[in-house]
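J.: File name coords-v3.txt; file contents compact mmCIF, C-alpha atoms; full text below.
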# COMPACT_ATOMS: atom_id res chain seq x y z
CA MET I 1 -6.66 -17.52 43.89
CA ALA I 2 -9.33 -18.59 41.43
CA ALA I 3 -10.18 -16.44 38.44
CA GLU I 4 -13.76 -15.97 39.66
CA SER I 5 -12.75 -14.30 42.87
CA VAL I 6 -10.34 -11.99 41.04
CA SER I 7 -13.08 -10.74 38.78
CA ASP I 8 -15.49 -10.54 41.74
CA ARG I 9 -12.95 -8.47 43.63
CA LEU I 10 -12.63 -6.19 40.60
CA VAL I 11 -16.36 -5.80 40.27
CA GLY I 12 -16.33 -4.83 43.93
CA LEU I 13 -13.58 -2.26 43.45
CA LEU I 14 -15.18 -0.80 40.35
CA THR I 15 -18.75 -0.61 41.65
CA VAL I 16 -18.23 0.64 45.19
CA ARG I 17 -16.89 3.95 43.97
CA GLY I 18 -18.30 3.51 40.50
CA GLU I 19 -19.52 7.07 40.01
CA ASP I 20 -16.31 8.67 41.26
CA LEU I 21 -14.03 6.38 39.27
CA GLY I 22 -16.08 6.84 36.12
CA ALA I 23 -16.05 10.62 36.48
CA GLU I 24 -12.33 10.68 37.25
CA TRP I 25 -11.69 8.50 34.21
CA SER I 26 -13.68 10.86 31.96
CA ASP I 27 -11.78 13.85 33.37
CA LYS I 28 -8.43 12.26 32.69
CA VAL I 29 -9.32 11.24 29.16
CA ALA I 30 -11.02 14.53 28.31
CA GLY I 31 -7.90 16.33 29.61
CA SER I 32 -5.61 14.27 27.40
CA LEU I 33 -7.70 15.09 24.34
CA GLY I 34 -7.16 18.80 24.88
CA GLY I 35 -10.79 19.80 24.47
CA ARG I 36 -11.10 18.53 20.91
CA VAL I 37 -13.92 16.25 22.04
CA SER I 38 -16.49 17.76 24.40
CA ARG I 39 -16.43 16.61 28.00
CA ALA I 40 -20.05 15.48 27.76
CA GLU I 41 -19.24 13.36 24.73
CA VAL I 42 -16.29 11.71 26.48
CA GLN I 43 -18.42 11.11 29.57
CA ARG I 44 -21.14 9.45 27.52
CA GLU I 45 -18.69 7.20 25.67
CA LEU I 46 -16.77 6.14 28.74
CA LYS I 47 -19.84 5.62 30.91
CA GLU I 48 -21.11 3.06 28.40
CA ILE I 49 -17.75 1.33 28.28
CA TYR I 50 -17.49 1.38 32.07
CA THR I 51 -20.91 -0.21 32.49
CA ALA I 52 -20.16 -2.84 29.86
CA LEU I 53 -16.80 -3.56 31.47
CA VAL I 54 -18.28 -4.11 34.91
CA ALA I 55 -21.00 -6.30 33.40
CA ALA I 56 -18.40 -8.39 31.58
CA LEU I 57 -16.34 -8.79 34.75
CA ALA I 58 -19.46 -9.77 36.67
CA GLU I 59 -20.03 -12.51 34.13
CA GLY I 60 -16.68 -13.83 35.23
CA GLY I 61 -14.62 -13.03 32.18
CA MET I 62 -10.98 -11.99 32.44
CA ASP I 63 -10.08 -12.60 28.81
CA GLY I 64 -10.31 -9.35 26.83
CA ARG I 65 -10.75 -11.32 23.62
CA GLY I 66 -13.36 -13.64 25.16
CA GLU I 67 -17.08 -13.74 24.58
CA ALA I 68 -17.98 -11.86 27.76
CA PHE I 69 -16.23 -8.76 26.43
CA GLY I 70 -18.07 -8.64 23.11
CA GLU I 71 -20.03 -5.55 24.13
CA VAL I 72 -16.93 -3.80 25.48
CA ARG I 73 -15.09 -4.46 22.22
CA ALA I 74 -18.02 -3.17 20.17
CA LEU I 75 -17.99 0.09 22.14
CA LEU I 76 -14.20 0.37 21.90
CA THR I 77 -14.42 -0.22 18.15
CA GLU I 78 -16.79 2.72 17.83
CA LEU I 79 -14.55 4.88 20.00
CA SER I 80 -11.38 4.02 18.04
CA ARG I 81 -13.08 4.56 14.70
CA ASN I 82 -14.31 7.98 15.80
CA ARG I 83 -10.87 8.96 17.07
CA ALA I 84 -9.22 7.79 13.86
CA HIS I 85 -11.68 9.75 11.73
CA GLN I 86 -11.23 12.86 13.86
CA GLY I 87 -7.48 12.68 13.35
CA PHE I 88 -6.36 11.85 16.88
CA THR I 89 -3.00 10.15 17.40
CA PRO I 90 -2.70 6.47 18.39
CA THR I 91 -1.63 7.57 21.88
CA GLU I 92 -4.66 9.77 22.33
CA THR I 93 -6.84 6.84 21.34
CA ALA I 94 -5.23 4.19 23.53
CA VAL I 95 -5.07 6.48 26.55
CA SER I 96 -8.85 6.19 26.84
CA VAL I 97 -8.33 2.63 27.98
CA PHE I 98 -5.04 2.93 29.82
CA ALA I 99 -6.17 5.90 31.92
CA LEU I 100 -8.47 3.56 33.83
CA LYS I 101 -5.39 1.93 35.38
CA GLU I 102 -4.21 5.22 36.87
CA VAL I 103 -7.70 5.97 38.10
CA LEU I 104 -8.11 2.65 39.84
CA GLU I 105 -4.70 2.69 41.53
CA PRO I 106 -5.53 5.06 44.41
CA ALA I 107 -8.69 3.07 45.13
CA LEU I 108 -6.69 0.01 46.12
CA SER I 109 -6.61 -0.92 49.77
CA GLY I 110 -3.14 -2.41 49.67
CA ASP I 111 -4.37 -5.95 50.37
CA ASP I 112 -2.66 -8.75 48.53
CA SER I 113 -5.97 -9.72 46.97
CA ASP I 114 -6.45 -6.15 45.72
CA LEU I 115 -2.99 -6.06 44.23
CA GLN I 116 -3.47 -9.38 42.52
CA ALA I 117 -6.78 -8.24 41.12
CA TYR I 118 -5.18 -4.99 39.95
CA LEU I 119 -2.41 -6.85 38.15
CA LYS I 120 -4.94 -9.08 36.37
CA PHE I 121 -7.01 -6.02 35.51
CA SER I 122 -3.93 -4.36 34.17
CA THR I 123 -3.34 -7.27 31.78
CA LEU I 124 -6.97 -7.11 30.72
CA LEU I 125 -6.71 -3.40 29.99
CA ASP I 126 -3.52 -3.99 28.00
CA THR I 127 -5.41 -6.44 25.81
CA LEU I 128 -8.26 -3.99 25.34
CA GLY I 129 -5.79 -1.16 24.67
CA LEU I 130 -4.13 -3.23 21.96
CA PHE I 131 -7.54 -3.96 20.55
CA THR I 132 -8.26 -0.23 20.19
CA MET I 133 -4.92 0.13 18.43
CA GLU I 134 -5.85 -2.58 15.95
CA VAL I 135 -9.17 -0.95 15.17
CA TYR I 136 -7.49 2.45 14.95
CA THR I 137 -4.91 1.19 12.45
CA ARG I 138 -7.54 -0.60 10.39
CA THR I 139 -9.66 2.54 10.22
CA ARG I 140 -6.68 4.63 9.14
CA GLU I 141 -5.89 2.11 6.43
CA GLU I 142 -9.47 2.31 5.19
CA LEU I 143 -9.20 6.10 5.15
CA ILE I 144 -5.99 5.93 3.15
CA SER I 145 -7.40 3.58 0.55
CA ALA I 146 -10.49 5.79 0.25
CA GLN I 147 -8.21 8.76 -0.36
CA ALA I 148 -6.26 6.76 -2.93
CA GLU I 149 -9.50 6.23 -4.81
CA GLN I 150 -10.22 9.94 -4.73
CA LEU I 151 -6.74 10.68 -6.05
CA LEU I 152 -7.46 8.33 -8.90
CA GLU I 153 -10.16 10.67 -10.09
CA LEU I 154 -8.05 13.77 -9.70
CA SER I 155 -4.86 12.62 -11.28
CA THR I 156 -5.95 11.73 -14.79
CA PRO I 157 -6.56 14.85 -16.84
CA VAL I 158 -7.13 14.62 -20.55
CA VAL I 159 -5.92 17.75 -22.36
CA LYS I 160 -6.47 19.01 -25.85
CA LEU I 161 -3.11 19.56 -27.53
CA TRP I 162 -4.33 20.61 -30.97
CA ASP I 163 -7.45 20.35 -33.07
CA GLY I 164 -8.00 16.63 -33.31
CA VAL I 165 -5.17 15.73 -30.93
CA ILE I 166 -5.66 14.94 -27.25
CA GLY I 167 -3.00 14.20 -24.67
CA VAL I 168 -3.14 12.05 -21.54
CA PRO I 169 -0.22 12.78 -19.22
CA LEU I 170 0.18 9.91 -16.79
CA VAL I 171 1.94 10.47 -13.49
CA GLY I 172 2.68 7.79 -10.92
CA THR I 173 1.64 4.19 -10.77
CA LEU I 174 -0.67 2.67 -13.33
CA ASP I 175 -2.73 -0.14 -11.86
CA SER I 176 -5.92 -1.76 -13.12
CA ALA I 177 -8.24 0.69 -11.37
CA ARG I 178 -6.32 3.70 -12.65
CA THR I 179 -6.17 2.29 -16.18
CA MET I 180 -9.93 1.91 -16.21
CA VAL I 181 -10.35 5.58 -15.32
CA VAL I 182 -7.73 6.69 -17.86
CA MET I 183 -9.23 4.56 -20.61
CA GLU I 184 -12.75 5.78 -19.92
CA LYS I 185 -11.74 9.43 -19.83
CA MET I 186 -9.62 9.15 -22.94
CA LEU I 187 -12.25 7.38 -25.01
CA GLN I 188 -14.88 9.88 -23.91
CA ALA I 189 -12.57 12.78 -24.78
CA LEU I 190 -11.99 11.30 -28.24
CA ILE I 191 -15.75 11.45 -28.84
CA ASP I 192 -16.29 14.84 -27.21
CA THR I 193 -13.53 16.59 -29.10
CA GLY I 194 -13.89 14.59 -32.30
CA SER I 195 -10.20 13.77 -32.14
CA GLU I 196 -8.53 11.05 -34.11
CA GLN I 197 -5.13 11.24 -32.47
CA ALA I 198 -4.37 10.51 -28.82
CA ILE I 199 -1.02 10.74 -27.10
CA ILE I 200 -0.41 8.92 -23.83
CA ASP I 201 2.61 10.44 -22.13
CA ILE I 202 4.31 8.23 -19.56
CA THR I 203 7.14 10.58 -18.60
CA GLY I 204 5.76 10.61 -15.06
CA VAL I 205 5.48 6.84 -14.72
CA PRO I 206 8.55 5.72 -12.76
CA ALA I 207 8.60 2.08 -13.86
CA VAL I 208 6.91 0.17 -16.66
CA ASP I 209 6.39 -3.44 -15.65
CA THR I 210 4.32 -6.07 -17.42
CA GLU I 211 1.13 -4.95 -15.71
CA VAL I 212 1.56 -1.33 -16.75
CA ALA I 213 2.52 -2.39 -20.28
CA GLN I 214 -0.49 -4.63 -20.55
CA HIS I 215 -2.77 -1.81 -19.42
CA LEU I 216 -1.20 0.57 -21.93
CA LEU I 217 -1.67 -1.95 -24.74
CA LYS I 218 -5.32 -2.44 -23.84
CA THR I 219 -5.92 1.31 -23.82
CA VAL I 220 -4.34 1.67 -27.25
CA VAL I 221 -6.39 -1.20 -28.64
CA ALA I 222 -9.58 0.34 -27.26
CA ALA I 223 -8.76 3.67 -28.90
CA ARG I 224 -8.07 1.94 -32.19
CA LEU I 225 -11.43 0.22 -32.07
CA MET I 226 -12.93 3.70 -32.05
CA GLY I 227 -10.94 4.66 -35.09
CA ALA I 228 -8.40 6.77 -33.26
CA GLU I 229 -4.66 6.40 -33.39
CA CYS I 230 -2.67 6.28 -30.18
CA THR I 231 0.95 7.21 -29.64
CA ILE I 232 2.86 6.51 -26.44
CA SER I 233 5.42 9.15 -25.57
CA GLY I 234 7.86 9.74 -22.75
CA ILE I 235 9.83 6.51 -23.12
CA ARG I 236 13.07 7.40 -21.34
CA PRO I 237 16.31 5.45 -21.88
CA GLN I 238 16.04 3.48 -18.64
CA ILE I 239 12.42 2.56 -19.40
CA ALA I 240 13.33 1.45 -22.94
CA GLN I 241 16.13 -0.79 -21.64
CA THR I 242 13.90 -2.29 -18.97
CA ILE I 243 11.12 -3.01 -21.46
CA VAL I 244 13.58 -4.78 -23.77
CA ALA I 245 15.02 -6.86 -20.90
CA LEU I 246 11.55 -7.81 -19.71
CA GLY I 247 10.74 -8.95 -23.22
CA ILE I 248 7.65 -6.80 -23.70
CA ASN I 249 6.65 -6.32 -27.32
CA PHE I 250 4.77 -3.14 -28.15
CA GLY I 251 4.06 -4.45 -31.64
CA ASP I 252 3.07 -1.82 -34.17
CA ILE I 253 2.23 0.82 -31.59
CA VAL I 254 4.02 4.08 -32.26
CA THR I 255 6.21 5.14 -29.36
CA LYS I 256 8.23 8.33 -29.04
CA ALA I 257 10.85 9.60 -26.63
CA THR I 258 9.22 12.94 -25.96
CA LEU I 259 5.78 14.49 -26.06
CA ALA I 260 7.04 16.98 -28.68
CA ASP I 261 8.00 14.14 -31.03
CA ALA I 262 4.65 12.51 -30.49
CA LEU I 263 2.79 15.76 -31.21
CA ARG I 264 4.75 16.30 -34.40
CA HIS I 265 3.93 12.73 -35.44
CA ALA I 266 0.24 13.17 -34.62
CA LEU I 267 0.03 16.44 -36.56
CA ARG I 268 1.67 14.90 -39.57
CA ARG I 269 -0.74 11.96 -39.41
CA SER I 270 -3.68 14.33 -39.38
CA GLY I 271 -2.33 16.02 -42.50
CA LEU I 272 -0.90 19.17 -41.00
CA THR I 273 2.55 20.38 -41.98
CA LEU I 274 4.70 22.53 -39.80
CA SER I 275 6.98 24.98 -41.50
CA ARG I 276 9.43 27.43 -40.07
CA THR I 277 9.26 30.97 -41.39
CA ALA I 278 11.96 33.51 -40.88
CA PRO I 279 12.01 34.63 -37.25
CA GLN I 280 10.27 37.93 -36.74
CA ALA I 281 12.93 40.53 -36.41
CA GLY I 282 13.22 42.93 -33.55
CA ALA I 283 9.78 42.97 -31.97
CA ARG I 284 10.58 45.63 -29.47
CA MET Y 1 23.34 -16.36 2.91
CA ASN Y 2 26.97 -15.52 2.30
CA GLY Y 3 28.44 -12.07 2.44
CA ALA Y 4 27.61 -9.37 4.92
CA SER Y 5 24.03 -8.30 4.82
CA SER Y 6 23.26 -5.13 6.68
CA ALA Y 7 19.94 -4.50 8.36
CA SER Y 8 17.45 -6.26 6.13
CA GLN Y 9 13.89 -5.06 6.43
CA THR Y 10 10.79 -7.14 5.90
CA LEU Y 11 7.67 -5.80 4.26
CA GLU Y 12 4.26 -7.45 4.18
CA ILE Y 13 2.67 -7.77 0.76
CA THR Y 14 -1.00 -8.46 1.31
CA ALA Y 15 -2.65 -5.92 -0.97
CA ASN Y 16 -1.86 -3.83 -4.03
CA ALA Y 17 -0.55 -1.11 -1.73
CA GLY Y 18 2.14 -3.61 -0.67
CA VAL Y 19 3.42 -3.78 -4.24
CA VAL Y 20 3.68 0.01 -4.34
CA GLN Y 21 5.51 0.02 -1.00
CA ALA Y 22 7.85 -2.70 -2.24
CA ARG Y 23 8.79 -0.53 -5.23
CA GLN Y 24 9.45 2.46 -3.01
CA ARG Y 25 11.53 0.41 -0.57
CA VAL Y 26 13.60 -1.03 -3.43
CA ARG Y 27 14.08 2.42 -4.94
CA ALA Y 28 15.49 3.63 -1.62
CA LEU Y 29 17.82 0.63 -1.39
CA ALA Y 30 19.00 1.04 -4.99
CA GLN Y 31 19.74 4.70 -4.40
CA GLN Y 32 21.58 3.87 -1.19
CA CYS Y 33 23.71 1.46 -3.22
CA ARG Y 34 24.34 4.16 -5.84
CA PHE Y 35 22.86 2.27 -8.74
CA SER Y 36 22.70 4.09 -12.06
CA LEU Y 37 19.25 5.20 -13.19
CA VAL Y 38 18.99 2.26 -15.59
CA GLU Y 39 20.03 -0.27 -12.93
CA GLN Y 40 17.60 1.32 -10.47
CA THR Y 41 14.72 1.09 -12.90
CA LYS Y 42 15.54 -2.50 -13.77
CA LEU Y 43 15.64 -3.59 -10.14
CA ILE Y 44 12.46 -1.68 -9.27
CA THR Y 45 10.66 -3.25 -12.21
CA ALA Y 46 11.84 -6.75 -11.25
CA ALA Y 47 10.72 -6.13 -7.66
CA SER Y 48 7.36 -4.94 -8.92
CA GLU Y 49 6.87 -8.13 -10.94
CA LEU Y 50 7.95 -10.43 -8.12
CA ALA Y 51 5.91 -8.59 -5.50
CA ARG Y 52 2.86 -8.89 -7.71
CA ASN Y 53 3.52 -12.61 -8.17
CA THR Y 54 3.75 -12.97 -4.41
CA LEU Y 55 0.41 -11.20 -4.06
CA ILE Y 56 -1.52 -12.78 -6.93
CA HIS Y 57 -0.12 -16.29 -7.18
CA GLY Y 58 1.18 -16.73 -3.63
CA GLY Y 59 -1.86 -15.19 -1.97
CA GLY Y 60 0.29 -12.61 -0.18
CA GLY Y 61 3.64 -12.87 1.53
CA THR Y 62 6.68 -10.84 2.43
CA MET Y 63 9.60 -9.05 0.82
CA THR Y 64 12.85 -8.83 2.72
CA GLY Y 65 15.37 -6.44 1.24
CA GLY Y 66 18.82 -5.29 2.22
CA LEU Y 67 22.24 -4.27 1.02
CA VAL Y 68 24.83 -7.01 0.57
CA GLU Y 69 28.57 -6.91 0.14
CA GLU Y 70 30.48 -9.79 -1.36
CA ARG Y 71 34.01 -9.96 -2.73
CA GLY Y 72 34.26 -6.21 -2.80
CA ARG Y 73 31.01 -5.75 -4.69
CA ARG Y 74 28.00 -3.97 -3.31
CA GLY Y 75 24.49 -4.89 -4.25
CA VAL Y 76 20.86 -5.20 -3.22
CA ARG Y 77 19.35 -8.55 -2.36
CA LEU Y 78 15.61 -9.09 -2.21
CA VAL Y 79 13.80 -12.17 -0.94
CA PHE Y 80 10.15 -12.70 -1.85
CA ASP Y 81 8.49 -15.33 0.24
CA ASP Y 82 4.97 -16.72 0.16
CA ARG Y 83 3.13 -19.71 1.58
CA GLY Y 84 0.99 -20.18 -1.50
CA PRO Y 85 0.40 -23.21 -3.72
CA GLY Y 86 3.96 -23.25 -5.10
CA ILE Y 87 4.92 -23.69 -8.75
CA PRO Y 88 4.37 -27.22 -10.11
CA ASP Y 89 6.51 -26.79 -13.24
CA VAL Y 90 9.33 -24.27 -12.78
CA ASP Y 91 10.66 -24.57 -16.34
CA LEU Y 92 7.23 -23.88 -17.75
CA ALA Y 93 6.72 -20.93 -15.40
CA LEU Y 94 10.02 -19.47 -16.59
CA THR Y 95 9.00 -19.73 -20.24
CA ASP Y 96 8.36 -16.40 -21.94
CA GLY Y 97 4.70 -15.88 -22.61
CA TRP Y 98 3.38 -18.68 -20.45
CA THR Y 99 0.93 -17.46 -17.85
CA SER Y 100 -1.27 -19.18 -15.31
CA GLY Y 101 -3.35 -16.03 -14.90
CA ALA Y 102 -4.33 -13.15 -17.13
CA GLY Y 103 -0.93 -11.48 -17.33
CA MET Y 104 1.57 -11.31 -20.16
CA GLY Y 105 3.59 -14.27 -18.94
CA LEU Y 106 6.78 -12.25 -18.74
CA GLY Y 107 6.90 -11.38 -15.05
CA LEU Y 108 9.02 -14.26 -13.79
CA SER Y 109 11.18 -14.79 -16.87
CA GLY Y 110 11.53 -11.04 -17.45
CA SER Y 111 12.57 -10.26 -13.90
CA LYS Y 112 15.20 -12.98 -14.15
CA ARG Y 113 16.73 -11.03 -17.03
CA LEU Y 114 16.56 -7.77 -15.07
CA VAL Y 115 18.76 -8.96 -12.18
CA ASP Y 116 22.20 -10.55 -11.84
CA GLU Y 117 21.32 -13.50 -9.62
CA PHE Y 118 17.99 -15.27 -9.52
CA LEU Y 119 17.18 -18.18 -7.26
CA LEU Y 120 13.75 -19.79 -7.28
CA GLU Y 121 12.84 -22.31 -4.59
CA THR Y 122 9.39 -23.77 -4.60
CA VAL Y 123 7.63 -26.69 -3.01
CA PRO Y 124 4.19 -27.45 -4.42
CA GLY Y 125 1.62 -26.93 -1.71
CA GLN Y 126 4.03 -25.14 0.59
CA GLY Y 127 5.09 -21.93 -1.04
CA THR Y 128 7.66 -20.15 -3.13
CA THR Y 129 10.77 -18.17 -2.30
CA VAL Y 130 12.47 -16.06 -4.94
CA THR Y 131 15.83 -14.50 -4.09
CA VAL Y 132 17.27 -11.92 -6.46
CA THR Y 133 20.48 -9.92 -6.28
CA LYS Y 134 21.66 -7.04 -8.38
CA TRP Y 135 25.22 -5.73 -8.10
CA ALA Y 136 26.26 -2.14 -8.54
CA ARG Y 137 28.34 -1.64 -11.67
Rewrite the coordinates I just gave you, this time as structure tokens.
T.:
Amino acid sequence: MAAESVSDRLVGLLTVRGEDLGAEWSDKVAGSLGGRVSRAEVQRELKEIYTALVAALAEGGMDGRGEAFGEVRALLTELSRNRAHQGFTPTETAVSVFALKEVLEPALSGDDSDLQAYLKFSTLLDTLGLFTMEVYTRTREELISAQAEQLLELSTPVVKLWDGVIGVPLVGTLDSARTMVVMEKMLQALIDTGSEQAIIDITGVPAVDTEVAQHLLKTVVAARLMGAECTISGIRPQIAQTIVALGINFGDIVTKATLADALRHALRRSGLTLSRTAPQAGAR
Amino acid sequence: MNGASSASQTLEITANAGVVQARQRVRALAQQCRFSLVEQTKLITAASELARNTLIHGGGGTMTGGLVEERGRRGVRLVFDDRGPGIPDVDLALTDGWTSGAGMGLGLSGSKRLVDEFLLETVPGQGTTVTVTKWAR
């Protein structure tokens, strides 16, 4: 059987009971979404897709990735993006396409030609279903990277540790984008607080590789250009050994094992002395 | 590959997020192999360097990682594979401080020092494969 007649047969099947099939399809999909999208909304979306699908079939296309299905894919893209944004699962998104198979099944006459057409249609819907999955995944990835950017803003506090001493506790991965934010915030805080000592604490950074080290060095150099002195604290034993093995040279930058050491160093540099008096006795 | 390698997993490295995932995957493997904290950190750092090389110089590729057992030793083996431009001069690339980009020039040579076995195969114009192994002490 030629491809033309298969698609013609499908157009026949889909148009004869077009209204019923379309409505049934909407019902099925709306049911699977558990009322989180209004029935009217689902009906509108699917009606457009249904019309586009029939039009594409009438043009003689059976290849879901072909030119004839451009419109169908555009509509499915919109649908998948919406579902992904609304937090639906992949299944709930793909079912919009696959449900059409179940809907069409009872409409078959049982002829060989009908069955053949149905099988071809099934393959077509599989392709389109996979397409919705691709769009869904891509949208989720975009969402995740957008969230990562938001986290960037949240996760870089600059705190005042003492008069003239600010601290920047870093937690997690330090990439170029994050370094930019850290550097900007730190330099601004140096100005705002009139501080001359900054401590970057990397206790929360799990691994210091050459990229992280390079970013740290740049930040320190930038602070120095503004006349401030930068200390890096939180160098744990495993980090120290890794840095040595990698061959990274921190030059004349002051590094300390703990934030407390770094603070003591910064205070001494700013001319403050700490002295221990006798502990206050019996404050009851 | 000699020795028994159990259930290696392949990870795509096509964006910066891939480098982060590579680190996490390697951390899990290193913990599974009961590496000490220092060994873990060394392997994770080496993986981070190599994954970034795959991304930046190789234009993206894959990392395949798994546990290996050989002559009674247990370890983690990682294979970084890309179809990028390859490395024209391997000795130069392994020289401390030499960089083709804007980095420190320590990624490749440094990661070699962080692992126990380091195998670099490259064909100019066809890609680069770096295989590293670190054994549990």
J.: Would you give me, as JSON lines, each residue of segment 207-238 of chain I having an atom within 9 Å of an atom of segment 105-123 of chain Y, along with its shortest atom pair and that distance in Å to one decimal, using only C-alpha atoms and sorting by chain and residue number?
T.:
{"residue": "I:Asp209", "atom": "CA", "partner": "Y:Gly107", "partner_atom": "CA", "distance": 8.0}
{"residue": "I:Thr210", "atom": "CA", "partner": "Y:Gly107", "partner_atom": "CA", "distance": 6.4}
{"residue": "I:Glu211", "atom": "CA", "partner": "Y:Gly107", "partner_atom": "CA", "distance": 8.7}
J.: Counting only C-alpha atoms, I want the residues whose atoms come within 6 Å of (4.1, -8.7, 3.0) in the file frame, returned as a list in words.
T.: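 Residues close enough to count: Leu11, Glu12, Ile13, Thr14, Gly61, Thr62 and Met63 of chain Y.
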J.: Please measure the separation of atom CA of Glu134 of chain I and atom CA of Ala7 of chain Y, giving the value in Å to one decimal.
T.: 27.0 Å
J.: Could you check how far atom CA of Leu14 of chain I sits from atom CA of Glu92 of chain I, in Å to one decimal?
T.: 23.4 Å
J.: Give me, as a PyMOL selection string, the contact residues of chain I against chain Y at a cut-off of 12 Å, counting only C-alpha atoms.
T.: chain I and resi 141-142+144-145+148-149+172-177+205-215+217-218+236-250
